[in-house]
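Since the structure comes first, as C-alpha coordinates, the remarks are kept for the end.
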Amino acid sequence: QLALWEEDYEKKFVVDPFDSGRLDNIDELDEEGQSFNTYNPTSFGEQLDFWFEIEFQVENKQIIAVFDINI
(Lines give C-alpha, C1' and ligand atoms only; values in the text may rest on other atoms or scores of the structure.)
Protein backbone atom coordinates (compact mmCIF):
# COMPACT_ATOMS: atom_id res chain seq x y z
CA GLN A 1 0.00 0.00 0.00
CA LEU A 2 2.80 2.40 0.88
CA ALA A 3 4.48 1.77 -2.47
CA LEU A 4 1.23 2.55 -4.32
CA TRP A 5 0.86 5.83 -2.41
CA GLU A 6 4.48 6.71 -3.22
CA GLU A 7 3.67 6.37 -6.92
CA ASP A 8 0.38 8.29 -6.67
CA TYR A 9 1.63 11.16 -4.48
CA GLU A 10 5.25 11.13 -5.68
CA LYS A 11 6.59 11.22 -2.13
CA LYS A 12 7.99 8.65 0.31
CA PHE A 13 5.78 6.91 2.89
CA VAL A 14 7.05 4.94 5.89
CA VAL A 15 5.52 3.65 9.10
CA ASP A 16 7.03 5.72 11.92
CA PRO A 17 8.47 4.00 15.02
CA PHE A 18 5.97 2.81 17.63
CA ASP A 19 4.39 5.59 19.73
CA SER A 20 2.21 4.42 22.62
CA GLY A 21 0.20 7.65 22.28
CA ARG A 22 -1.18 6.32 18.96
CA LEU A 23 -2.92 3.38 20.71
CA ASP A 24 -6.72 3.74 20.89
CA ASN A 25 -9.36 1.57 22.54
CA ILE A 26 -6.88 0.12 25.00
CA ASP A 27 -8.82 -2.63 26.72
CA GLU A 28 -7.69 -4.50 29.80
CA LEU A 29 -7.95 -8.26 29.59
CA ASP A 30 -11.54 -9.29 30.26
CA GLU A 31 -12.52 -12.26 32.44
CA GLU A 32 -11.98 -14.56 29.44
CA GLY A 33 -8.41 -13.28 29.02
CA GLN A 34 -9.08 -11.25 25.85
CA SER A 35 -8.31 -7.66 24.87
CA PHE A 36 -8.89 -5.68 21.65
CA ASN A 37 -6.77 -2.63 20.74
CA THR A 38 -6.19 -0.39 17.74
CA TYR A 39 -3.05 1.50 16.70
CA ASN A 40 -3.06 4.45 14.29
CA PRO A 41 0.31 4.54 12.48
CA THR A 42 1.88 7.69 11.08
CA SER A 43 4.30 8.48 8.26
CA PHE A 44 6.65 11.37 9.02
CA GLY A 45 4.19 12.39 11.75
CA GLU A 46 1.06 12.38 9.54
CA GLN A 47 -1.66 9.82 10.24
CA LEU A 48 -1.97 7.15 7.56
CA ASP A 49 -5.27 6.03 6.01
CA PHE A 50 -5.24 2.64 7.74
CA TRP A 51 -4.89 1.30 11.25
CA PHE A 52 -3.72 -1.84 12.99
CA GLU A 53 -6.08 -4.00 15.03
CA ILE A 54 -4.47 -6.15 17.71
CA GLU A 55 -6.37 -8.76 19.67
CA PHE A 56 -4.68 -10.36 22.67
CA GLN A 57 -5.80 -13.60 24.27
CA VAL A 58 -4.31 -15.64 27.09
CA GLU A 59 -4.51 -19.41 26.67
CA ASN A 60 -2.69 -21.92 28.85
CA LYS A 61 -0.57 -19.09 30.35
CA GLN A 62 0.56 -18.06 26.84
CA ILE A 63 -0.22 -14.71 25.20
CA ILE A 64 -1.57 -14.97 21.66
CA ALA A 65 -1.71 -11.82 19.52
CA VAL A 66 -3.72 -11.54 16.29
CA PHE A 67 -2.63 -8.60 14.17
CA ASP A 68 -4.78 -7.22 11.34
CA ILE A 69 -4.36 -4.24 9.03
CA ASN A 70 -7.61 -2.39 8.35
CA ILE A 71 -7.45 -0.46 5.05
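In the C-alpha coordinates, each chain is lettered A, B, ... as it comes, each chain's residues begin at 1, and ligands are numbered from 1 in order of appearance.
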
Quiz prompt | For region 46-56 of chain A: contacts at 8 Å, only C-alpha atoms, fewer than 2 positions along chain excluded, given as an NGL selection string | solution = :A and (29 or 33-44 or 58 or 63-71)

Quiz item: Which residues in chain A does DSSP call alpha helix (DSSP H)? List them as JSON, numbers by chain.
Solution: {"A": [2, 3, 4, 5, 6, 7, 8, 9]}

Exercise. For CA of Leu2 (chain A) and CA of Asn25 (chain A), determine how far apart the two atoms are, in Å to one decimal place.
Key: 24.8 Å

Exercise. Run DSSP on the backbone and give me the residues of chain A it puts in strand (DSSP E or B), as a VMD selection string.
Key: chain A and resid 23 to 24 34 to 39 42 to 43 46 to 47 51 to 59 62 to 70
